[in-house]
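**Student:** Data file data-v4.cif (mmCIF, C-alpha atoms and all ligand atoms) is appended below.
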```cif
data_entry
#
loop_
_atom_site.group_PDB
_atom_site.id
_atom_site.type_symbol
_atom_site.label_atom_id
_atom_site.label_comp_id
_atom_site.auth_asym_id
_atom_site.auth_seq_id
_atom_site.Cartn_x
_atom_site.Cartn_y
_atom_site.Cartn_z
ATOM 1 C CA MET Y 1 -18.849 9.765 -5.615
ATOM 2 C CA ARG Y 2 -15.073 9.852 -5.754
ATOM 3 C CA ILE Y 3 -13.460 6.419 -5.459
ATOM 4 C CA GLY Y 4 -9.705 6.089 -5.091
ATOM 5 C CA LEU Y 5 -7.678 2.922 -5.593
ATOM 6 C CA TYR Y 6 -4.417 2.664 -3.659
ATOM 7 C CA PRO Y 7 -2.609 -0.423 -4.970
ATOM 8 C CA GLY Y 8 0.463 -2.137 -3.579
ATOM 9 C CA THR Y 9 1.930 -5.317 -2.197
ATOM 10 C CA PHE Y 10 1.769 -4.289 1.478
ATOM 11 C CA ASP Y 11 4.186 -7.007 2.590
ATOM 12 C CA PRO Y 12 3.625 -5.925 5.336
ATOM 13 C CA VAL Y 13 1.724 -2.631 5.730
ATOM 14 C CA THR Y 14 4.059 0.037 7.204
ATOM 15 C CA LEU Y 15 3.620 3.454 8.811
ATOM 16 C CA GLY Y 16 4.573 4.863 5.381
ATOM 17 C CA HIS Y 17 1.566 3.125 3.795
ATOM 18 C CA ILE Y 18 -0.686 4.227 6.653
ATOM 19 C CA ASP Y 19 0.431 7.822 6.159
ATOM 20 C CA ILE Y 20 -0.562 7.631 2.473
ATOM 21 C CA ILE Y 21 -3.853 5.858 3.312
ATOM 22 C CA GLU Y 22 -4.837 8.685 5.678
ATOM 23 C CA ARG Y 23 -3.905 11.356 3.144
ATOM 24 C CA GLY Y 24 -5.776 9.517 0.383
ATOM 25 C CA LEU Y 25 -8.849 9.034 2.538
ATOM 26 C CA ALA Y 26 -9.149 12.816 2.880
ATOM 27 C CA LEU Y 27 -9.325 13.183 -0.921
ATOM 28 C CA VAL Y 28 -11.975 10.597 -1.808
ATOM 29 C CA ASP Y 29 -15.342 9.340 -0.593
ATOM 30 C CA ARG Y 30 -14.246 5.710 -0.687
ATOM 31 C CA LEU Y 31 -10.707 4.402 -0.606
ATOM 32 C CA VAL Y 32 -10.116 0.930 -2.010
ATOM 33 C CA ILE Y 33 -6.805 -0.626 -1.055
ATOM 34 C CA GLY Y 34 -5.816 -2.991 -3.844
ATOM 35 C CA VAL Y 35 -3.633 -5.762 -2.496
ATOM 36 C CA ALA Y 36 -1.623 -7.312 -5.310
ATOM 37 C CA ILE Y 37 -0.886 -11.020 -5.106
ATOM 38 C CA ASN Y 38 2.570 -10.283 -6.539
ATOM 39 C CA ARG Y 39 4.015 -13.769 -6.753
ATOM 40 C CA ASP Y 40 7.073 -12.326 -8.525
ATOM 41 C CA LYS Y 41 8.104 -10.415 -5.427
ATOM 42 C CA GLY Y 42 8.036 -13.617 -3.315
ATOM 43 C CA PRO Y 43 6.096 -12.027 -0.465
ATOM 44 C CA MET Y 44 6.887 -12.927 3.154
ATOM 45 C CA PHE Y 45 3.204 -12.798 4.116
ATOM 46 C CA THR Y 46 0.430 -14.624 2.274
ATOM 47 C CA LEU Y 47 -2.200 -12.529 0.534
ATOM 48 C CA GLU Y 48 -4.645 -13.454 3.293
ATOM 49 C CA GLU Y 49 -2.237 -12.298 6.009
ATOM 50 C CA ARG Y 50 -1.540 -9.007 4.215
ATOM 51 C CA VAL Y 51 -5.278 -8.375 3.826
ATOM 52 C CA GLU Y 52 -5.910 -9.190 7.510
ATOM 53 C CA MET Y 53 -3.207 -6.769 8.677
ATOM 54 C CA LEU Y 54 -4.545 -4.012 6.410
ATOM 55 C CA GLU Y 55 -8.129 -4.584 7.523
ATOM 56 C CA ALA Y 56 -7.135 -4.256 11.175
ATOM 57 C CA GLU Y 57 -5.167 -1.043 10.524
ATOM 58 C CA CYS Y 58 -7.918 0.453 8.347
ATOM 59 C CA ALA Y 59 -10.595 -0.272 10.979
ATOM 60 C CA GLU Y 60 -8.492 1.690 13.439
ATOM 61 C CA ILE Y 61 -8.135 4.586 10.960
ATOM 62 C CA THR Y 62 -11.854 4.836 10.096
ATOM 63 C CA ASP Y 63 -12.781 4.591 13.793
ATOM 64 C CA ARG Y 64 -10.507 7.549 14.406
ATOM 65 C CA VAL Y 65 -11.123 9.792 11.389
ATOM 66 C CA GLY Y 66 -14.220 8.346 9.675
ATOM 67 C CA GLY Y 67 -14.496 7.630 5.965
ATOM 68 C CA GLU Y 68 -14.794 4.377 4.085
ATOM 69 C CA ILE Y 69 -11.963 1.971 3.296
ATOM 70 C CA ILE Y 70 -12.311 -1.348 1.511
ATOM 71 C CA VAL Y 71 -9.446 -3.838 1.285
ATOM 72 C CA HIS Y 72 -9.623 -5.580 -2.079
ATOM 73 C CA PRO Y 73 -7.188 -8.294 -3.222
ATOM 74 C CA PHE Y 74 -6.564 -8.376 -6.968
ATOM 75 C CA GLU Y 75 -4.662 -10.481 -9.445
ATOM 76 C CA ASN Y 76 -5.576 -8.821 -12.745
ATOM 77 C CA LEU Y 77 -4.225 -5.689 -14.390
ATOM 78 C CA LEU Y 78 -4.276 -2.598 -12.195
ATOM 79 C CA ILE Y 79 -6.386 -0.690 -14.701
ATOM 80 C CA ASP Y 80 -8.938 -3.540 -14.807
ATOM 81 C CA CYS Y 81 -9.004 -3.581 -11.011
ATOM 82 C CA ALA Y 82 -9.686 0.179 -11.105
ATOM 83 C CA ARG Y 83 -12.617 -0.475 -13.445
ATOM 84 C CA ASP Y 84 -13.910 -3.352 -11.264
ATOM 85 C CA VAL Y 85 -14.049 -1.157 -8.169
ATOM 86 C CA GLY Y 86 -15.297 1.929 -10.050
ATOM 87 C CA ALA Y 87 -12.214 4.003 -9.200
ATOM 88 C CA ASN Y 88 -11.737 7.345 -10.953
ATOM 89 C CA VAL Y 89 -8.321 7.875 -9.454
ATOM 90 C CA ILE Y 90 -5.297 5.717 -8.637
ATOM 91 C CA LEU Y 91 -3.297 6.866 -5.627
ATOM 92 C CA ARG Y 92 0.400 6.095 -5.249
ATOM 93 C CA GLY Y 93 3.008 7.133 -2.748
ATOM 94 C CA LEU Y 94 6.325 8.566 -3.884
ATOM 95 C CA ARG Y 95 9.387 8.046 -1.748
ATOM 96 C CA ALA Y 96 12.536 8.992 -3.567
ATOM 97 C CA VAL Y 97 13.785 9.680 -7.044
ATOM 98 C CA SER Y 98 14.258 5.917 -7.358
ATOM 99 C CA ASP Y 99 10.467 5.397 -7.304
ATOM 100 C CA PHE Y 100 9.961 7.970 -10.008
ATOM 101 C CA GLU Y 101 11.095 6.101 -13.112
ATOM 102 C CA TYR Y 102 8.948 3.052 -12.486
ATOM 103 C CA GLU Y 103 5.928 5.175 -11.586
ATOM 104 C CA PHE Y 104 6.465 7.341 -14.662
ATOM 105 C CA GLN Y 105 6.319 4.250 -16.871
ATOM 106 C CA MET Y 106 3.286 2.871 -15.062
ATOM 107 C CA VAL Y 107 1.307 6.075 -15.557
ATOM 108 C CA GLY Y 108 2.182 6.135 -19.246
ATOM 109 C CA MET Y 109 1.170 2.517 -19.796
ATOM 110 C CA ASN Y 110 -1.989 2.746 -17.718
ATOM 111 C CA ARG Y 111 -3.009 5.918 -19.515
ATOM 112 C CA ALA Y 112 -2.636 4.144 -22.837
ATOM 113 C CA LEU Y 113 -4.886 1.353 -21.541
ATOM 114 C CA ASP Y 114 -7.504 3.693 -20.049
ATOM 115 C CA SER Y 115 -7.160 7.461 -20.242
ATOM 116 C CA SER Y 116 -10.137 8.117 -17.954
ATOM 117 C CA VAL Y 117 -8.324 7.082 -14.771
ATOM 118 C CA GLU Y 118 -5.989 9.708 -13.325
ATOM 119 C CA THR Y 119 -2.994 8.818 -11.134
ATOM 120 C CA VAL Y 120 -2.200 11.027 -8.165
ATOM 121 C CA PHE Y 121 1.049 10.896 -6.190
ATOM 122 C CA MET Y 122 1.473 11.744 -2.559
ATOM 123 C CA MET Y 123 4.421 12.050 -0.224
ATOM 124 C CA ALA Y 124 4.388 10.823 3.330
ATOM 125 C CA ASP Y 125 5.398 12.893 6.328
ATOM 126 C CA ALA Y 126 9.192 13.443 6.371
ATOM 127 C CA ARG Y 127 9.700 10.932 9.195
ATOM 128 C CA ARG Y 128 7.938 8.236 7.204
ATOM 129 C CA GLN Y 129 9.260 8.856 3.741
ATOM 130 C CA ALA Y 130 12.133 6.433 3.969
ATOM 131 C CA ILE Y 131 10.127 3.488 5.267
ATOM 132 C CA ALA Y 132 9.999 0.494 2.925
ATOM 133 C CA SER Y 133 8.498 -2.956 3.536
ATOM 134 C CA LYS Y 134 11.634 -4.538 2.101
ATOM 135 C CA LEU Y 135 13.894 -2.943 4.715
ATOM 136 C CA VAL Y 136 11.420 -3.636 7.525
ATOM 137 C CA LYS Y 137 11.622 -7.343 6.623
ATOM 138 C CA GLU Y 138 15.416 -7.270 6.560
ATOM 139 C CA ILE Y 139 15.555 -5.620 9.988
ATOM 140 C CA ALA Y 140 13.026 -8.117 11.389
ATOM 141 C CA ARG Y 141 15.005 -11.053 9.988
ATOM 142 C CA LEU Y 142 18.074 -9.778 11.844
ATOM 143 C CA ASP Y 143 16.013 -9.358 15.011
ATOM 144 C CA GLY Y 144 16.221 -5.545 14.942
ATOM 145 C CA ASP Y 145 13.718 -3.058 16.329
ATOM 146 C CA VAL Y 146 11.013 -2.227 13.774
ATOM 147 C CA SER Y 147 8.801 -0.240 16.136
ATOM 148 C CA HIS Y 148 9.511 3.041 14.313
ATOM 149 C CA PHE Y 149 8.297 1.610 11.012
ATOM 150 C CA VAL Y 150 5.224 -0.535 11.671
ATOM 151 C CA THR Y 151 2.319 -0.689 14.149
ATOM 152 C CA PRO Y 152 2.510 -2.947 17.242
ATOM 153 C CA ALA Y 153 0.087 -5.405 15.584
ATOM 154 C CA VAL Y 154 2.336 -5.775 12.536
ATOM 155 C CA GLN Y 155 5.366 -6.041 14.781
ATOM 156 C CA THR Y 156 3.745 -9.025 16.512
ATOM 157 C CA ARG Y 157 3.039 -10.647 13.129
ATOM 158 C CA LEU Y 158 6.649 -10.157 12.056
ATOM 159 C CA LYS Y 159 7.929 -11.725 15.269
ATOM 160 C CA ALA Y 160 5.611 -14.705 14.827
ATOM 161 C CA LYS Y 161 6.811 -15.145 11.228
ATOM 162 C CA MET Y 162 10.444 -15.101 12.340
ATOM 163 C CA GLN Y 163 9.784 -17.727 14.977
ATOM 164 C CA GLY Y 164 7.585 -19.888 12.758
HETATM 165 P P1 LIG V 1 4.491 -1.930 -4.826
HETATM 166 O O1 LIG V 1 4.848 -3.368 -4.999
HETATM 167 O O2 LIG V 1 3.338 -1.490 -5.672
HETATM 168 O O3 LIG V 1 5.647 -0.963 -4.850
HETATM 169 P P2 LIG V 1 4.363 -1.368 -1.977
HETATM 170 O O4 LIG V 1 3.524 -2.078 -0.977
HETATM 171 O O5 LIG V 1 5.827 -1.440 -1.828
HETATM 172 O O6 LIG V 1 3.868 -1.922 -3.349
HETATM 173 O O7 LIG V 1 3.939 0.153 -2.044
HETATM 174 C C1 LIG V 1 2.622 0.552 -2.359
HETATM 175 C C2 LIG V 1 2.585 2.040 -2.588
HETATM 176 O O8 LIG V 1 2.911 2.719 -1.387
HETATM 177 C C3 LIG V 1 3.587 2.538 -3.632
HETATM 178 O O9 LIG V 1 2.990 3.606 -4.332
HETATM 179 C C4 LIG V 1 4.744 3.034 -2.791
HETATM 180 O O10 LIG V 1 5.466 4.036 -3.447
HETATM 181 C C5 LIG V 1 3.989 3.604 -1.604
HETATM 182 N N1 LIG V 1 4.818 3.674 -0.401
HETATM 183 C C6 LIG V 1 5.375 2.669 0.298
HETATM 184 N N2 LIG V 1 6.086 3.132 1.345
HETATM 185 C C7 LIG V 1 5.979 4.490 1.315
HETATM 186 C C8 LIG V 1 6.491 5.563 2.111
HETATM 187 N N3 LIG V 1 7.295 5.337 3.151
HETATM 188 N N4 LIG V 1 6.166 6.825 1.759
HETATM 189 C C9 LIG V 1 5.390 7.060 0.679
HETATM 190 N N5 LIG V 1 4.873 6.109 -0.101
HETATM 191 C C10 LIG V 1 5.154 4.843 0.191
#
```
Translate this structure into structure tokens?
Ligand code: ADP
**Tutor:**
Amino acid sequence: MRIGLYPGTFDPVTLGHIDIIERGLALVDRLVIGVAINRDKGPMFTLEERVEMLEAECAEITDRVGGEIIVHPFENLLIDCARDVGANVILRGLRAVSDFEYEFQMVGMNRALDSSVETVFMMADARRQAIASKLVKEIARLDGDVSHFVTPAVQTRLKAKMQG
């Protein structure tokens, strides 16, 4: 059984993430989405909110295309999380050259910690490659239209956050 771990902050989940989730799902038997607590990044949404949004989006995806997705919050090292969930592969999305250096270091470090877990990179569809949670939040804060970047459900959550 091939188990893939797709880790991230997902603050909030975007159409870019969803693109990678669907691509990843086609490669493995079970896709575990690792939601990092990431206190350092000062997330806009709580871990619980990020998990709820992902669960709703993933239910829609598996209803449509089948497969198995599990949303799994984690606070420990990525490589330990991979071991906990039995993942043989870590999936990451690559946007631009700017992502590359950090990802390059991560692979090197994770490989030193556990050489049995392979990391695979995927690129989203051209229209979704530029989407980043950080920019979605900035646009939402300035009351801009985020409908090209997130699902209607996430849009509603962003609006509620801005008002609250
Ligand atoms: P992290 O804090 O780990 O960067 P993110 O939630 O920002 O968490 O991203 C999780 C993963 O999804 C990363 O591998 C990131 O490169 C990828 N990703 C995010 N947005 C896109 C996108 N538009 N296209 C491709 N990959 C993406």
**Student:** Using only C-alpha atoms for the distances, tell me which of Y:Ile79, Y:Gly86, Y:Lys137, Y:Gly34 is nearest to Ala112 of chain Y.
**Tutor:**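 Among the listed residues, the smallest separation from Ala112 of chain Y belongs to Y:Ile79.
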**Student:** Expand the PyMOL selection byres (((not hetatm)) within 6 of (chain V and resi 1)) into the explicit residue set it covers here, and present it as a list of chain:residue names.
**Tutor:**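 Selection result, ordered by chain and number: Y:Pro7, Y:Gly8, Y:Thr9, Y:Phe10, Y:Gly16, Y:His17, Y:Arg92, Y:Gly93, Y:Leu94, Y:Arg95, Y:Met123, Y:Ala124, Y:Arg128, Y:Gln129, Y:Ala130, Y:Ile131, Y:Ala132.
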**Student:** The PyMOL selection byres (((chain Y and resi 69) around 7) and not hetatm) - which residues does that actually catch in the file I just gave you? List them as a list in words.
**Tutor:** Arg30, Leu31, Val32, Cys58, Gly67, Glu68, Ile70 and Val71 of chain Y
**Student:** Please produce a file of those selected residues containing C-alpha atoms, as an mmCIF file, in the coordinates of the input.
**Tutor:**
```cif
data_model
loop_
_atom_site.group_PDB
_atom_site.id
_atom_site.type_symbol
_atom_site.label_atom_id
_atom_site.label_comp_id
_atom_site.auth_asym_id
_atom_site.auth_seq_id
_atom_site.Cartn_x
_atom_site.Cartn_y
_atom_site.Cartn_z
ATOM 1 C CA ARG Y 30 -14.246 5.710 -0.687
ATOM 2 C CA LEU Y 31 -10.707 4.402 -0.606
ATOM 3 C CA VAL Y 32 -10.116 0.930 -2.010
ATOM 4 C CA CYS Y 58 -7.918 0.453 8.347
ATOM 5 C CA GLY Y 67 -14.496 7.630 5.965
ATOM 6 C CA GLU Y 68 -14.794 4.377 4.085
ATOM 7 C CA ILE Y 70 -12.311 -1.348 1.511
ATOM 8 C CA VAL Y 71 -9.446 -3.838 1.285
#
```
**Student:** Give me, as number ranges by chain, all polymer residues having an atom no more than 12 Å from Gln155 of chain Y, counting all atoms listed in the file and skipping those fewer than 3 positions away in the same chain.
**Tutor:** Y: 12-15, 53, 136-137, 139-141, 143-152, 158-162
**Student:** Which residue gives the smallest distance to Ile61 of chain Y among Y:Ala82, Y:Ala96, Y:Ala26, Y:Leu77, with all atoms listed in the file counted?
**Tutor:** Y:Ala26
**Student:** Residues within 6 Å of Tyr6 of chain Y, please, as a ChimeraX atom specification. Count all atoms listed in the file; anything in the same chain fewer than 3 positions from it doesn't count.
**Tutor:** /Y:33-34,90-91
**Student:** Can you complete the atoms of segment 99-110 of chain Y to all heavy atoms and list them as a CSV table (one decimal), keeping the file's coordinate frame?
**Tutor:**
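Listed below is the output, selection.csv:
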```csv
chain,number,residue,atom,x,y,z
Y,99,ASP,N,11.8,5.8,-7.0
Y,99,ASP,CA,10.5,5.4,-7.3
Y,99,ASP,C,10.0,6.0,-8.6
Y,99,ASP,O,9.1,5.5,-9.3
Y,99,ASP,CB,9.5,5.9,-6.2
Y,99,ASP,CG,9.5,4.9,-5.0
Y,99,ASP,OD1,9.9,3.8,-5.1
Y,99,ASP,OD2,9.0,5.4,-3.9
Y,100,PHE,N,10.6,7.2,-9.0
Y,100,PHE,CA,10.0,8.0,-10.0
Y,100,PHE,C,9.9,7.3,-11.4
Y,100,PHE,O,8.9,7.3,-12.0
Y,100,PHE,CB,10.7,9.3,-10.1
Y,100,PHE,CG,10.1,10.2,-11.2
Y,100,PHE,CD1,9.0,10.9,-11.0
Y,100,PHE,CD2,10.7,10.3,-12.5
Y,100,PHE,CE1,8.4,11.7,-12.0
Y,100,PHE,CE2,10.2,11.0,-13.5
Y,100,PHE,CZ,9.0,11.8,-13.2
Y,101,GLU,N,11.0,6.6,-11.8
Y,101,GLU,CA,11.1,6.1,-13.1
Y,101,GLU,C,10.0,5.0,-13.4
Y,101,GLU,O,9.4,5.0,-14.4
Y,101,GLU,CB,12.5,5.6,-13.4
Y,101,GLU,CG,12.7,5.2,-14.8
Y,101,GLU,CD,14.1,5.3,-15.3
Y,101,GLU,OE1,14.9,6.0,-14.6
Y,101,GLU,OE2,14.4,4.8,-16.4
Y,102,TYR,N,9.9,4.1,-12.4
Y,102,TYR,CA,8.9,3.1,-12.5
Y,102,TYR,C,7.5,3.6,-12.5
Y,102,TYR,O,6.7,3.2,-13.4
Y,102,TYR,CB,9.1,2.1,-11.3
Y,102,TYR,CG,8.1,1.0,-11.2
Y,102,TYR,CD1,8.1,0.0,-12.1
Y,102,TYR,CD2,7.1,1.0,-10.2
Y,102,TYR,CE1,7.1,-1.0,-12.1
Y,102,TYR,CE2,6.2,0.0,-10.1
Y,102,TYR,CZ,6.2,-1.0,-11.1
Y,102,TYR,OH,5.2,-2.0,-11.0
Y,103,GLU,N,7.3,4.6,-11.7
Y,103,GLU,CA,5.9,5.2,-11.6
Y,103,GLU,C,5.6,5.9,-12.9
Y,103,GLU,O,4.5,5.9,-13.4
Y,103,GLU,CB,5.8,6.1,-10.4
Y,103,GLU,CG,6.0,5.4,-9.0
Y,103,GLU,CD,4.9,4.5,-8.7
Y,103,GLU,OE1,3.8,4.6,-9.3
Y,103,GLU,OE2,5.1,3.6,-7.9
Y,104,PHE,N,6.6,6.6,-13.4
Y,104,PHE,CA,6.5,7.3,-14.7
Y,104,PHE,C,6.0,6.4,-15.8
Y,104,PHE,O,5.1,6.7,-16.5
Y,104,PHE,CB,7.8,8.0,-15.0
Y,104,PHE,CG,7.9,8.8,-16.2
Y,104,PHE,CD1,7.4,10.1,-16.3
Y,104,PHE,CD2,8.4,8.2,-17.4
Y,104,PHE,CE1,7.4,10.8,-17.4
Y,104,PHE,CE2,8.5,9.0,-18.5
Y,104,PHE,CZ,8.0,10.3,-18.6
Y,105,GLN,N,6.7,5.2,-15.8
Y,105,GLN,CA,6.3,4.2,-16.9
Y,105,GLN,C,4.9,3.7,-16.7
Y,105,GLN,O,4.1,3.6,-17.6
Y,105,GLN,CB,7.3,3.1,-16.8
Y,105,GLN,CG,8.6,3.5,-17.4
Y,105,GLN,CD,9.6,2.3,-17.5
Y,105,GLN,OE1,9.6,1.5,-16.5
Y,105,GLN,NE2,10.3,2.1,-18.5
Y,106,MET,N,4.6,3.4,-15.4
Y,106,MET,CA,3.3,2.9,-15.1
Y,106,MET,C,2.2,3.8,-15.5
Y,106,MET,O,1.2,3.4,-16.1
Y,106,MET,CB,3.2,2.7,-13.6
Y,106,MET,CG,3.9,1.5,-13.1
Y,106,MET,SD,2.8,0.1,-12.9
Y,106,MET,CE,1.9,0.7,-11.4
Y,107,VAL,N,2.3,5.1,-15.2
Y,107,VAL,CA,1.3,6.1,-15.6
Y,107,VAL,C,1.1,6.1,-17.1
Y,107,VAL,O,0.0,6.1,-17.6
Y,107,VAL,CB,1.6,7.5,-15.0
Y,107,VAL,CG1,0.7,8.5,-15.6
Y,107,VAL,CG2,1.6,7.5,-13.5
Y,108,GLY,N,2.2,6.1,-17.8
Y,108,GLY,CA,2.2,6.1,-19.2
Y,108,GLY,C,1.5,4.9,-19.8
Y,108,GLY,O,0.6,5.1,-20.7
Y,109,MET,N,1.8,3.8,-19.3
Y,109,MET,CA,1.2,2.5,-19.8
Y,109,MET,C,-0.3,2.5,-19.4
Y,109,MET,O,-1.1,2.1,-20.2
Y,109,MET,CB,1.9,1.3,-19.2
Y,109,MET,CG,3.4,1.3,-19.4
Y,109,MET,SD,3.8,0.6,-21.0
Y,109,MET,CE,4.0,-1.1,-20.5
Y,110,ASN,N,-0.6,2.8,-18.2
Y,110,ASN,CA,-2.0,2.7,-17.7
Y,110,ASN,C,-2.8,3.7,-18.5
Y,110,ASN,O,-4.0,3.5,-18.8
Y,110,ASN,CB,-2.1,3.0,-16.2
Y,110,ASN,CG,-1.7,1.8,-15.4
Y,110,ASN,OD1,-1.8,0.6,-15.9
Y,110,ASN,ND2,-1.1,2.0,-14.2
```
